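For reference, structure-v8.json (JSON, N, CA and C atoms):
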[["chain", "number", "residue", "atom", "x", "y", "z"],
["A", 1, "MET", "N", 0.84, -1.18, 0.00],
["A", 1, "MET", "CA", 0.00, 0.00, 0.00],
["A", 1, "MET", "C", 0.89, 1.24, 0.00],
["A", 2, "SER", "N", 0.50, 2.23, -0.80],
["A", 2, "SER", "CA", 1.26, 3.47, -0.90],
["A", 2, "SER", "C", 0.42, 4.63, -0.38],
["A", 3, "THR", "N", 1.07, 5.54, 0.31],
["A", 3, "THR", "CA", 0.40, 6.71, 0.86],
["A", 3, "THR", "C", 0.77, 7.93, 0.01],
["A", 4, "THR", "N", -0.18, 8.84, -0.18],
["A", 4, "THR", "CA", 0.08, 10.09, -0.89],
["A", 4, "THR", "C", -0.16, 11.25, 0.07],
["A", 5, "ILE", "N", 0.81, 12.15, 0.14],
["A", 5, "ILE", "CA", 0.70, 13.31, 1.02],
["A", 5, "ILE", "C", 0.75, 14.58, 0.17],
["A", 6, "GLN", "N", -0.25, 15.43, 0.30],
["A", 6, "GLN", "CA", -0.32, 16.73, -0.38],
["A", 6, "GLN", "C", 0.09, 17.80, 0.62],
["A", 7, "ASP", "N", 0.93, 18.75, 0.19],
["A", 7, "ASP", "CA", 1.41, 19.76, 1.12],
["A", 7, "ASP", "C", 1.74, 21.04, 0.37],
["A", 8, "GLN", "N", 1.96, 22.09, 1.10],
["A", 8, "GLN", "CA", 2.42, 23.38, 0.59],
["A", 8, "GLN", "C", 3.88, 23.54, 1.00],
["A", 9, "ALA", "N", 4.72, 24.03, 0.10],
["A", 9, "ALA", "CA", 6.15, 24.21, 0.41],
["A", 9, "ALA", "C", 6.32, 25.08, 1.65],
["A", 10, "ARG", "N", 7.27, 24.71, 2.48],
["A", 10, "ARG", "CA", 7.50, 25.42, 3.75],
["A", 10, "ARG", "C", 8.91, 25.99, 3.82],
["A", 11, "PHE", "N", 9.42, 26.47, 2.70],
["A", 11, "PHE", "CA", 10.72, 27.12, 2.69],
["A", 11, "PHE", "C", 10.62, 28.42, 1.91],
["A", 12, "CYS", "N", 11.54, 29.33, 2.20],
["A", 12, "CYS", "CA", 11.58, 30.61, 1.50],
["A", 12, "CYS", "C", 12.49, 30.49, 0.28],
["A", 13, "ASP", "N", 12.29, 31.35, -0.69],
["A", 13, "ASP", "CA", 13.07, 31.27, -1.92],
["A", 13, "ASP", "C", 14.53, 31.64, -1.72],
["A", 14, "ASP", "N", 14.91, 32.12, -0.54],
["A", 14, "ASP", "CA", 16.32, 32.43, -0.28],
["A", 14, "ASP", "C", 16.93, 31.52, 0.80],
["A", 15, "ASP", "N", 16.22, 30.45, 1.19],
["A", 15, "ASP", "CA", 16.75, 29.50, 2.17],
["A", 15, "ASP", "C", 17.91, 28.70, 1.57],
["A", 16, "CYS", "N", 18.80, 28.21, 2.45],
["A", 16, "CYS", "CA", 19.93, 27.41, 1.99],
["A", 16, "CYS", "C", 19.45, 26.03, 1.50],
["A", 17, "ALA", "N", 20.32, 25.35, 0.76],
["A", 17, "ALA", "CA", 19.97, 24.07, 0.15],
["A", 17, "ALA", "C", 19.53, 23.03, 1.18],
["A", 18, "VAL", "N", 20.15, 23.01, 2.34],
["A", 18, "VAL", "CA", 19.81, 22.02, 3.37],
["A", 18, "VAL", "C", 18.36, 22.19, 3.82],
["A", 19, "VAL", "N", 17.93, 23.43, 4.02],
["A", 19, "VAL", "CA", 16.56, 23.70, 4.46],
["A", 19, "VAL", "C", 15.57, 23.33, 3.36],
["A", 20, "VAL", "N", 15.91, 23.69, 2.12],
["A", 20, "VAL", "CA", 15.02, 23.38, 0.99],
["A", 20, "VAL", "C", 14.84, 21.87, 0.86],
["A", 21, "LEU", "N", 15.92, 21.12, 0.85],
["A", 21, "LEU", "CA", 15.83, 19.67, 0.71],
["A", 21, "LEU", "C", 15.19, 19.01, 1.92],
["A", 22, "ALA", "N", 15.41, 19.56, 3.11],
["A", 22, "ALA", "CA", 14.77, 19.00, 4.31],
["A", 22, "ALA", "C", 13.26, 19.10, 4.23],
["A", 23, "SER", "N", 12.75, 20.09, 3.51],
["A", 23, "SER", "CA", 11.30, 20.24, 3.38],
["A", 23, "SER", "C", 10.69, 19.14, 2.52],
["A", 24, "PHE", "N", 11.53, 18.38, 1.80],
["A", 24, "PHE", "CA", 11.05, 17.27, 0.98],
["A", 24, "PHE", "C", 11.28, 15.91, 1.64],
["A", 25, "ALA", "N", 11.75, 15.90, 2.89],
["A", 25, "ALA", "CA", 11.92, 14.63, 3.61],
["A", 25, "ALA", "C", 10.55, 13.96, 3.75],
["A", 26, "CYS", "N", 10.55, 12.65, 3.69],
["A", 26, "CYS", "CA", 9.31, 11.88, 3.81],
["A", 26, "CYS", "C", 8.62, 12.19, 5.14],
["A", 27, "ARG", "N", 7.34, 12.46, 5.10],
["A", 27, "ARG", "CA", 6.58, 12.78, 6.31],
["A", 27, "ARG", "C", 6.30, 11.53, 7.15],
["A", 28, "VAL", "N", 6.53, 10.34, 6.59],
["A", 28, "VAL", "CA", 6.29, 9.10, 7.32],
["A", 28, "VAL", "C", 7.55, 8.58, 7.99],
["A", 29, "CYS", "N", 8.68, 8.53, 7.23],
["A", 29, "CYS", "CA", 9.90, 7.92, 7.80],
["A", 29, "CYS", "C", 11.12, 8.86, 7.78],
["A", 30, "LEU", "N", 10.97, 10.08, 7.27],
["A", 30, "LEU", "CA", 12.01, 11.11, 7.24],
["A", 30, "LEU", "C", 13.18, 10.83, 6.29],
["A", 31, "SER", "N", 13.04, 9.89, 5.37],
["A", 31, "SER", "CA", 14.08, 9.64, 4.37],
["A", 31, "SER", "C", 14.10, 10.77, 3.35],
["A", 32, "ALA", "N", 15.28, 11.04, 2.82],
["A", 32, "ALA", "CA", 15.43, 12.05, 1.76],
["A", 32, "ALA", "C", 15.08, 11.43, 0.41],
["A", 33, "PRO", "N", 14.41, 12.18, -0.45],
["A", 33, "PRO", "CA", 14.10, 11.64, -1.78],
["A", 33, "PRO", "C", 15.35, 11.61, -2.65],
["A", 34, "ASP", "N", 15.37, 10.70, -3.62],
["A", 34, "ASP", "CA", 16.48, 10.71, -4.57],
["A", 34, "ASP", "C", 16.09, 11.35, -5.89],
["A", 35, "LEU", "N", 14.80, 11.64, -6.06],
["A", 35, "LEU", "CA", 14.30, 12.32, -7.27],
["A", 35, "LEU", "C", 13.12, 13.20, -6.90],
["A", 36, "ILE", "N", 13.15, 14.44, -7.35],
["A", 36, "ILE", "CA", 12.02, 15.37, -7.22],
["A", 36, "ILE", "C", 11.69, 15.83, -8.64],
["A", 37, "THR", "N", 10.44, 15.72, -9.03],
["A", 37, "THR", "CA", 10.01, 16.15, -10.35],
["A", 37, "THR", "C", 9.17, 17.40, -10.22],
["A", 38, "LEU", "N", 9.56, 18.45, -10.94],
["A", 38, "LEU", "CA", 8.82, 19.72, -10.95],
["A", 38, "LEU", "C", 7.99, 19.80, -12.22],
["A", 39, "VAL", "N", 6.71, 20.11, -12.08],
["A", 39, "VAL", "CA", 5.84, 20.30, -13.23],
["A", 39, "VAL", "C", 4.95, 21.50, -12.99],
["A", 40, "GLY", "N", 4.24, 21.91, -14.03],
["A", 40, "GLY", "CA", 3.28, 23.00, -13.92],
["A", 40, "GLY", "C", 3.82, 24.31, -14.44],
["A", 41, "GLY", "N", 2.92, 25.10, -14.97],
["A", 41, "GLY", "CA", 3.28, 26.41, -15.49],
["A", 41, "GLY", "C", 3.34, 27.45, -14.39],
["A", 42, "PRO", "N", 3.65, 28.69, -14.75],
["A", 42, "PRO", "CA", 3.71, 29.77, -13.77],
["A", 42, "PRO", "C", 2.44, 29.83, -12.91],
["A", 43, "GLY", "N", 2.66, 29.90, -11.61],
["A", 43, "GLY", "CA", 1.54, 29.98, -10.67],
["A", 43, "GLY", "C", 0.92, 28.64, -10.34],
["A", 44, "GLN", "N", 1.40, 27.57, -10.96],
["A", 44, "GLN", "CA", 0.83, 26.24, -10.73],
["A", 44, "GLN", "C", 1.92, 25.19, -10.58],
["A", 45, "ARG", "N", 3.00, 25.51, -9.90],
["A", 45, "ARG", "CA", 4.14, 24.59, -9.77],
["A", 45, "ARG", "C", 3.83, 23.49, -8.76],
["A", 46, "LEU", "N", 4.24, 22.27, -9.10],
["A", 46, "LEU", "CA", 4.02, 21.12, -8.24],
["A", 46, "LEU", "C", 5.27, 20.25, -8.26],
["A", 47, "ALA", "N", 5.80, 19.94, -7.09],
["A", 47, "ALA", "CA", 6.96, 19.05, -6.96],
["A", 47, "ALA", "C", 6.47, 17.72, -6.42],
["A", 48, "THR", "N", 6.89, 16.65, -7.06],
["A", 48, "THR", "CA", 6.48, 15.31, -6.65],
["A", 48, "THR", "C", 7.73, 14.47, -6.38],
["A", 49, "SER", "N", 7.72, 13.75, -5.28],
["A", 49, "SER", "CA", 8.82, 12.83, -4.96],
["A", 49, "SER", "C", 8.23, 11.57, -4.34],
["A", 50, "LYS", "N", 8.96, 10.46, -4.48],
["A", 50, "LYS", "CA", 8.55, 9.20, -3.86],
["A", 50, "LYS", "C", 9.67, 8.77, -2.92],
["A", 51, "CYS", "N", 9.30, 8.46, -1.71],
["A", 51, "CYS", "CA", 10.28, 8.04, -0.71],
["A", 51, "CYS", "C", 10.92, 6.72, -1.16],
["A", 52, "PRO", "N", 12.26, 6.67, -1.19],
["A", 52, "PRO", "CA", 12.92, 5.43, -1.59],
["A", 52, "PRO", "C", 12.80, 4.32, -0.54],
["A", 53, "SER", "N", 12.46, 4.67, 0.68],
["A", 53, "SER", "CA", 12.36, 3.67, 1.76],
["A", 53, "SER", "C", 10.96, 3.09, 1.90],
["A", 54, "CYS", "N", 9.97, 3.96, 2.12],
["A", 54, "CYS", "CA", 8.61, 3.47, 2.39],
["A", 54, "CYS", "C", 7.64, 3.68, 1.22],
["A", 55, "ARG", "N", 8.12, 4.28, 0.13],
["A", 55, "ARG", "CA", 7.35, 4.48, -1.10],
["A", 55, "ARG", "C", 6.20, 5.49, -0.98],
["A", 56, "THR", "N", 6.19, 6.31, 0.07],
["A", 56, "THR", "CA", 5.18, 7.36, 0.21],
["A", 56, "THR", "C", 5.38, 8.39, -0.90],
["A", 57, "LEU", "N", 4.30, 8.80, -1.54],
["A", 57, "LEU", "CA", 4.32, 9.80, -2.59],
["A", 57, "LEU", "C", 4.06, 11.16, -1.94],
["A", 58, "ASN", "N", 4.95, 12.10, -2.18],
["A", 58, "ASN", "CA", 4.86, 13.43, -1.59],
["A", 58, "ASN", "C", 4.64, 14.45, -2.70],
["A", 59, "ARG", "N", 3.54, 15.18, -2.66],
["A", 59, "ARG", "CA", 3.24, 16.23, -3.64],
["A", 59, "ARG", "C", 3.19, 17.56, -2.92],
["A", 60, "VAL", "N", 4.02, 18.50, -3.42],
["A", 60, "VAL", "CA", 4.17, 19.79, -2.75],
["A", 60, "VAL", "C", 3.90, 20.91, -3.74],
["A", 61, "SER", "N", 2.96, 21.80, -3.41],
["A", 61, "SER", "CA", 2.69, 22.99, -4.21],
["A", 61, "SER", "C", 3.75, 24.04, -3.91],
["A", 62, "LEU", "N", 4.24, 24.71, -4.96],
["A", 62, "LEU", "CA", 5.30, 25.70, -4.81],
["A", 62, "LEU", "C", 4.95, 26.99, -5.52],
["A", 63, "SER", "N", 5.48, 28.09, -5.01],
["A", 63, "SER", "CA", 5.41, 29.35, -5.76],
["A", 63, "SER", "C", 6.45, 29.27, -6.87],
["A", 64, "ASP", "N", 6.38, 30.18, -7.82],
["A", 64, "ASP", "CA", 7.38, 30.21, -8.90],
["A", 64, "ASP", "C", 8.78, 30.43, -8.35],
["A", 65, "ALA", "N", 8.91, 31.31, -7.34],
["A", 65, "ALA", "CA", 10.22, 31.59, -6.74],
["A", 65, "ALA", "C", 10.77, 30.36, -6.02],
["A", 66, "GLN", "N", 9.91, 29.62, -5.32],
["A", 66, "GLN", "CA", 10.35, 28.40, -4.64],
["A", 66, "GLN", "C", 10.77, 27.33, -5.65],
["A", 67, "ALA", "N", 10.02, 27.20, -6.74],
["A", 67, "ALA", "CA", 10.37, 26.23, -7.78],
["A", 67, "ALA", "C", 11.72, 26.58, -8.40],
["A", 68, "PHE", "N", 11.95, 27.85, -8.65],
["A", 68, "PHE", "CA", 13.24, 28.27, -9.21],
["A", 68, "PHE", "C", 14.38, 27.97, -8.24],
["A", 69, "ARG", "N", 14.16, 28.22, -6.95],
["A", 69, "ARG", "CA", 15.18, 27.94, -5.93],
["A", 69, "ARG", "C", 15.51, 26.45, -5.91],
["A", 70, "LEU", "N", 14.50, 25.61, -5.91],
["A", 70, "LEU", "CA", 14.70, 24.17, -5.91],
["A", 70, "LEU", "C", 15.47, 23.73, -7.15],
["A", 71, "TRP", "N", 15.13, 24.27, -8.27],
["A", 71, "TRP", "CA", 15.74, 23.88, -9.54],
["A", 71, "TRP", "C", 17.21, 24.28, -9.63],
["A", 72, "THR", "N", 17.60, 25.39, -9.00],
["A", 72, "THR", "CA", 18.95, 25.92, -9.15],
["A", 72, "THR", "C", 19.92, 25.59, -8.00],
["A", 73, "LEU", "N", 19.45, 24.98, -6.93],
["A", 73, "LEU", "CA", 20.35, 24.79, -5.79],
["A", 73, "LEU", "C", 21.30, 23.60, -5.96],
["A", 74, "GLN", "N", 22.36, 23.60, -5.16],
["A", 74, "GLN", "CA", 23.27, 22.45, -5.08],
["A", 74, "GLN", "C", 22.51, 21.36, -4.33],
["A", 75, "ARG", "N", 22.31, 20.20, -4.94],
["A", 75, "ARG", "CA", 21.40, 19.22, -4.38],
["A", 75, "ARG", "C", 22.05, 17.98, -3.77],
["A", 76, "GLY", "N", 23.33, 17.80, -3.86],
["A", 76, "GLY", "CA", 23.94, 16.60, -3.29],
["A", 76, "GLY", "C", 23.47, 15.35, -4.01],
["A", 77, "ASN", "N", 22.81, 14.44, -3.30],
["A", 77, "ASN", "CA", 22.37, 13.17, -3.86],
["A", 77, "ASN", "C", 20.96, 13.18, -4.40],
["A", 78, "THR", "N", 20.29, 14.33, -4.38],
["A", 78, "THR", "CA", 18.92, 14.43, -4.88],
["A", 78, "THR", "C", 18.92, 15.05, -6.27],
["A", 79, "PHE", "N", 18.27, 14.39, -7.21],
["A", 79, "PHE", "CA", 18.15, 14.89, -8.57],
["A", 79, "PHE", "C", 16.80, 15.59, -8.73],
["A", 80, "VAL", "N", 16.82, 16.80, -9.28],
["A", 80, "VAL", "CA", 15.57, 17.53, -9.54],
["A", 80, "VAL", "C", 15.36, 17.56, -11.04],
["A", 81, "HIS", "N", 14.23, 17.01, -11.48],
["A", 81, "HIS", "CA", 13.89, 16.96, -12.91],
["A", 81, "HIS", "C", 12.82, 18.00, -13.19],
["A", 82, "PHE", "N", 13.08, 18.83, -14.18],
["A", 82, "PHE", "CA", 12.13, 19.87, -14.60],
["A", 82, "PHE", "C", 11.91, 19.69, -16.09],
["A", 83, "PRO", "N", 10.85, 18.99, -16.49],
["A", 83, "PRO", "CA", 10.61, 18.71, -17.91],
["A", 83, "PRO", "C", 10.65, 19.99, -18.74],
["A", 84, "PRO", "N", 11.25, 19.93, -19.94],
["A", 84, "PRO", "CA", 11.42, 21.13, -20.78],
["A", 84, "PRO", "C", 10.13, 21.88, -21.09],
["A", 85, "GLU", "N", 9.02, 21.19, -21.15],
["A", 85, "GLU", "CA", 7.76, 21.89, -21.46],
["A", 85, "GLU", "C", 7.33, 22.86, -20.36],
["A", 86, "TYR", "N", 7.98, 22.80, -19.19],
["A", 86, "TYR", "CA", 7.64, 23.70, -18.08],
["A", 86, "TYR", "C", 8.70, 24.75, -17.81],
["A", 87, "TRP", "N", 9.73, 24.89, -18.65],
["A", 87, "TRP", "CA", 10.77, 25.89, -18.46],
["A", 87, "TRP", "C", 10.23, 27.26, -18.72]]

Go ahead and express the file in the form of structure tokens.
Amino acid sequence: MSTTIQDQARFCDDDCAVVVLASFACRVCLSAPDLITLVGGPGQRLATSKCPSCRTLNRVSLSDAQAFRLWTLQRGNTFVHFPPEYW
């Protein structure tokens, strides 16, 4: 069984990379995602990640500034995918 969690981003567009990535930690087991996918046009940004440990699906609504911050930060082991149709 897989759980889906809908949320609103809880970081500022000028927060450091650690804070931004911590906001995508799994709400069930606190594991870091290895992939975050950004979709949606201006004003409708949505980041989706699946926990590699417990398979919980995390969907987070973002402002355009938050989406840009996520897309441009140094991410360590987390890959952020932003499909070209949403650039």

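For the atom pair formed by atom N of Thr3 (chain A) and CA of Cys16 (chain A), the distance is 28.9 Å, given to one decimal.
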
*Residues of chain A in alpha helix (DSSP H), written as a ChimeraX atom specification*: /A:17-22,64-72

*Report the distance between atom C of Gly43 (chain A) and atom C of Phe79 (chain A) in Å, rounded to one decimal place.*
20.6 Å

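The protein and nucleic acid residues lying at most 7 Å from region 27-31 of chain A are A:Cys51, A:Pro52, A:Ser53, A:Cys54, with only N, CA and C atoms considered and sequence neighbours fewer than 6 positions away removed.
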
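Every residue of chain A found in strand (DSSP E or B) when DSSP is run on the backbone appears here: A:Thr4, A:Ile5, A:Gln6, A:Asp7, A:Gln8, A:Leu35, A:Ile36, A:Thr37, A:Leu38, A:Val39, A:Arg45, A:Leu46, A:Ala47, A:Thr48, A:Ser49, A:Lys50, A:Leu57, A:Asn58, A:Arg59, A:Val60, A:Ser61, A:Leu62, A:Phe79, A:Val80, A:His81.
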
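You will find CA of Gln6 (chain A) at 7.9 Å from CA of Ser61 (chain A).
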
Please list, as a PDB file with N, CA and C atoms, in the coordinates of the input, the residues that have an atom at most 5 Å away from (0.9, 21.2, -3.3) in the coordinates of this file, counting only N, CA and C atoms.
ATOM      1  N   ASP A   7       0.930  18.750   0.190  1.00  0.00           N
ATOM      2  CA  ASP A   7       1.410  19.760   1.120  1.00  0.00           C
ATOM      3  C   ASP A   7       1.740  21.040   0.370  1.00  0.00           C
ATOM      4  N   GLN A   8       1.960  22.090   1.100  1.00  0.00           N
ATOM      5  CA  GLN A   8       2.420  23.380   0.590  1.00  0.00           C
ATOM      6  C   GLN A   8       3.880  23.540   1.000  1.00  0.00           C
ATOM      7  N   ARG A  59       3.540  15.180  -2.660  1.00  0.00           N
ATOM      8  CA  ARG A  59       3.240  16.230  -3.640  1.00  0.00           C
ATOM      9  C   ARG A  59       3.190  17.560  -2.920  1.00  0.00           C
ATOM     10  N   VAL A  60       4.020  18.500  -3.420  1.00  0.00           N
ATOM     11  CA  VAL A  60       4.170  19.790  -2.750  1.00  0.00           C
ATOM     12  C   VAL A  60       3.900  20.910  -3.740  1.00  0.00           C
ATOM     13  N   SER A  61       2.960  21.800  -3.410  1.00  0.00           N
ATOM     14  CA  SER A  61       2.690  22.990  -4.210  1.00  0.00           C
ATOM     15  C   SER A  61       3.750  24.040  -3.910  1.00  0.00           C
TER      16      SER A  61
END

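Using all atoms listed in the file, the nearest neighbour of Pro33 (chain A) within the list A:Thr78, A:Asp13, A:Ser63, A:Ile5 is A:Thr78.
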
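With distances restricted to only C-alpha atoms, A:Phe68 is the closest residue to Cys12 (chain A) from A:Arg45, A:Pro83, A:Phe68, A:Asn77.
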
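Restricting the calculation to only C-alpha atoms, the smallest distance between Arg55 (chain A) and any of A:Asp34, A:Ala9, A:Val20, A:Val80 is found for A:Asp34.
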
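The nearest approach to Leu57 (chain A) among the residues A:Ile36, A:Leu70, A:Leu21, A:Asp14, with only C-alpha atoms taken into account, belongs to A:Ile36.
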
As JSON, what would the box around region 36-42 of chain A look like: edges along x, y and z, 3 Å added on every side, centre and edge lengths in Å to one decimal?
{"center_x": 7.8, "center_y": 22.1, "center_z": -11.4, "size_x": 16.7, "size_y": 21.4, "size_z": 14.3}

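The closest residue to Gln44 (chain A), picked from A:Ala32, A:Leu73, A:Val18, A:Leu62 and counting only N, CA and C atoms, is A:Leu62.
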
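In terms of minimum interatomic distance to Leu46 (chain A), A:Gln66 ranks closest within A:Ser23, A:Thr72, A:Gln66, A:Thr4, counting only C-alpha atoms.
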